[in-house]
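Engineer: Can you keep this structure in mind? I'll have questions shortly.
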Amino acid sequence: MREDPATELIAHNIPVRDGNTTLGEFDVLYYCHHTGQAIHLELAVKFFLNLNINQQAASLKHWFGPNRADRLDRKLARLTEHQLPLANTDAGRDTLRQYNIEKPAQQLQISGMLFYPRGTGDQQQALNPHLNPLHQRGYWQTLSEFIAANQTQPQLWRYLAKPSWLENHFSSAHELSEEQLNSAQERPIMIINAAEQRCFLVPDHWPTTP
């Protein structure tokens, strides 16, 4: 936003409070010189794995986070039914007036990647008309499947630590170690190859056991 002359950052991570109770926060408030409007922008960076293994009708409820505590439809509901409507509450309006904003336009931006079961990407894409067809994508497979397919050349893949899931590249990723592969027996890990393809390795029992 600092690099875009058409926009001007007003504030970010602004808590919305009703007395001593925090109701939420505004991620970003900025001014757009093109439209002449203040804008309330909500941001999220998420990674979801498609669990529509049985080829049911397309639904956002089939997309889960790596630990299955998160789900795409629930995240969208939280953003659209709680975060964005904060601007329409009395506490939200009071907070906005501190920045001389009365009725901001609103935007929602979700960044991240969607991961399809290995070998089903094209078919699954056709089943999800709710999604932007240009979304960033990777795939997921079980640890046993990965070892069977890469037992002679595991060095073709490197490990990405969680803070680097989105921005790091193969050249800056860590060598994939036996310790990291062992950890994939308990929880999903992300790996990347020289073609910049990302893959979640998941335990063999996943997703049966969260």
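Convention: chains lettered A, B, ... in structure tokens order; per-chain residue numbering from 1; ligands numbered from 1 as shown.
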If we count only C-alpha atoms and set the cut-off at 8 Å, which residues sit around Leu201 of chain A, ignoring sequence neighbours fewer than 4 positions away in its own chain? Please answer as a PyMOL selection string.

Structural biologist: chain A and resi 140-143+146+184+188-191

Engineer: So which residues touch segment 30-43 of chain A within 8 Å, counting only C-alpha atoms, skipping near sequence neighbours fewer than 6 positions away, as a ChimeraX atom specification?

Structural biologist: /A:6-11,79,83-84,101,103-111

Engineer: Calculate how many Å separate atom CA of Ala91 of chain A from atom CA of Thr22 of chain A, rounding to one decimal.

Structural biologist: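 Taking atom CA of Ala91 of chain A and atom CA of Thr22 of chain A, their separation equals 9.6 Å.
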
Engineer: Pick out the residues sitting within 10 Å of Gln185 of chain A, and hand them over as a PyMOL selection string; count only C-alpha atoms, and ignore anything fewer than 5 positions along from it in its own chain.

Structural biologist: chain A and resi 142-144+180+201-206

Engineer: Pick from A:Leu96, A:Ala149, A:Leu51, A:Leu60: nearest to Arg17 of chain A, with only C-alpha atoms counted?

Structural biologist: A:Leu96

Engineer: DSSP on the backbone: what in segment 153-187 of chain A comes out strand (DSSP E), as a ChimeraX atom specification?

Structural biologist: /A:157-160,174-175

Engineer: From the list A:Ile14, A:Gln197, A:Gln155, A:Pro207, which residue is nearest Ala69 of chain A when using only C-alpha atoms?

Structural biologist: A:Pro207

Engineer: List every residue of segment 7-193 of chain A that DSSP, applied to the backbone of this structure, places in alpha helix (DSSP H), and write the result as number ranges by chain.

Structural biologist: A: 72-78, 90-97, 121-126, 143-150, 178-183

Engineer: Keeping only N, CA and C atoms, write the selected residues as a short mmCIF file (atom, residue, chain, number, x, y, z; two decimals), in the first residue's frame.

Structural biologist:
data_model
loop_
_atom_site.label_atom_id
_atom_site.label_comp_id
_atom_site.auth_asym_id
_atom_site.auth_seq_id
_atom_site.Cartn_x
_atom_site.Cartn_y
_atom_site.Cartn_z
N LEU A 72 -12.93 -23.63 5.26
CA LEU A 72 -13.09 -22.46 4.40
C LEU A 72 -14.45 -21.80 4.56
N ASP A 73 -15.53 -22.58 4.57
CA ASP A 73 -16.84 -21.96 4.68
C ASP A 73 -17.02 -21.25 6.01
N ARG A 74 -16.45 -21.81 7.08
CA ARG A 74 -16.56 -21.17 8.39
C ARG A 74 -15.72 -19.89 8.44
N LYS A 75 -14.55 -19.92 7.82
CA LYS A 75 -13.71 -18.73 7.81
C LYS A 75 -14.38 -17.60 7.05
N LEU A 76 -14.97 -17.91 5.89
CA LEU A 76 -15.68 -16.88 5.14
C LEU A 76 -16.86 -16.33 5.91
N ALA A 77 -17.57 -17.21 6.62
CA ALA A 77 -18.71 -16.76 7.42
C ALA A 77 -18.23 -15.83 8.53
N ARG A 78 -17.14 -16.15 9.15
CA ARG A 78 -16.59 -15.29 10.21
C ARG A 78 -16.24 -13.91 9.66
N ASP A 90 -22.42 0.22 16.73
CA ASP A 90 -22.18 1.51 17.38
C ASP A 90 -20.72 1.67 17.76
N ALA A 91 -20.13 0.59 18.30
CA ALA A 91 -18.72 0.65 18.69
C ALA A 91 -17.82 0.83 17.47
N GLY A 92 -18.17 0.16 16.38
CA GLY A 92 -17.39 0.29 15.16
C GLY A 92 -17.46 1.69 14.59
N ARG A 93 -18.66 2.27 14.58
CA ARG A 93 -18.81 3.63 14.07
C ARG A 93 -18.05 4.63 14.94
N ASP A 94 -18.07 4.42 16.25
CA ASP A 94 -17.31 5.31 17.14
C ASP A 94 -15.82 5.22 16.86
N THR A 95 -15.34 4.00 16.60
CA THR A 95 -13.92 3.82 16.29
C THR A 95 -13.56 4.50 14.97
N LEU A 96 -14.41 4.36 13.97
CA LEU A 96 -14.14 4.97 12.68
C LEU A 96 -14.13 6.49 12.76
N ARG A 97 -14.99 7.06 13.60
CA ARG A 97 -15.04 8.53 13.71
C ARG A 97 -13.74 9.09 14.27
N GLY A 121 -6.31 -32.71 -9.38
CA GLY A 121 -6.42 -31.26 -9.46
C GLY A 121 -7.36 -30.75 -10.53
N ASP A 122 -7.22 -31.24 -11.76
CA ASP A 122 -8.05 -30.74 -12.86
C ASP A 122 -9.52 -31.07 -12.64
N GLN A 123 -9.77 -32.29 -12.20
CA GLN A 123 -11.15 -32.73 -11.98
C GLN A 123 -11.78 -31.94 -10.83
N GLN A 124 -11.02 -31.76 -9.75
CA GLN A 124 -11.55 -31.04 -8.60
C GLN A 124 -11.80 -29.56 -8.93
N GLN A 125 -10.95 -28.99 -9.77
CA GLN A 125 -11.14 -27.59 -10.15
C GLN A 125 -12.50 -27.41 -10.80
N ALA A 126 -12.89 -28.34 -11.65
CA ALA A 126 -14.17 -28.23 -12.33
C ALA A 126 -15.34 -28.35 -11.37
N LEU A 143 2.08 -39.61 3.54
CA LEU A 143 3.52 -39.82 3.66
C LEU A 143 3.95 -41.10 2.95
N SER A 144 3.18 -42.17 3.10
CA SER A 144 3.54 -43.44 2.44
C SER A 144 3.54 -43.30 0.93
N GLU A 145 2.56 -42.59 0.39
CA GLU A 145 2.51 -42.36 -1.05
C GLU A 145 3.73 -41.59 -1.52
N PHE A 146 4.12 -40.58 -0.76
CA PHE A 146 5.29 -39.77 -1.13
C PHE A 146 6.56 -40.61 -1.11
N ILE A 147 6.75 -41.39 -0.05
CA ILE A 147 7.96 -42.19 0.06
C ILE A 147 8.04 -43.21 -1.08
N ALA A 148 6.91 -43.82 -1.41
CA ALA A 148 6.90 -44.80 -2.49
C ALA A 148 7.24 -44.16 -3.83
N ALA A 149 6.80 -42.93 -4.05
CA ALA A 149 7.03 -42.26 -5.34
C ALA A 149 8.40 -41.60 -5.42
N ASN A 150 9.05 -41.34 -4.28
CA ASN A 150 10.29 -40.56 -4.28
C ASN A 150 11.42 -41.24 -3.54
N GLU A 178 15.22 -36.66 7.53
CA GLU A 178 14.50 -37.80 8.06
C GLU A 178 13.62 -37.37 9.24
N GLU A 179 14.11 -36.42 10.03
CA GLU A 179 13.34 -35.92 11.17
C GLU A 179 12.04 -35.26 10.71
N GLN A 180 12.13 -34.49 9.62
CA GLN A 180 10.93 -33.83 9.11
C GLN A 180 9.94 -34.84 8.54
N LEU A 181 10.46 -35.84 7.85
CA LEU A 181 9.57 -36.89 7.34
C LEU A 181 8.90 -37.64 8.49
N ASN A 182 9.64 -37.86 9.56
CA ASN A 182 9.04 -38.52 10.71
C ASN A 182 7.94 -37.67 11.32
N SER A 183 8.13 -36.35 11.32
CA SER A 183 7.11 -35.47 11.90
C SER A 183 5.83 -35.51 11.08
#
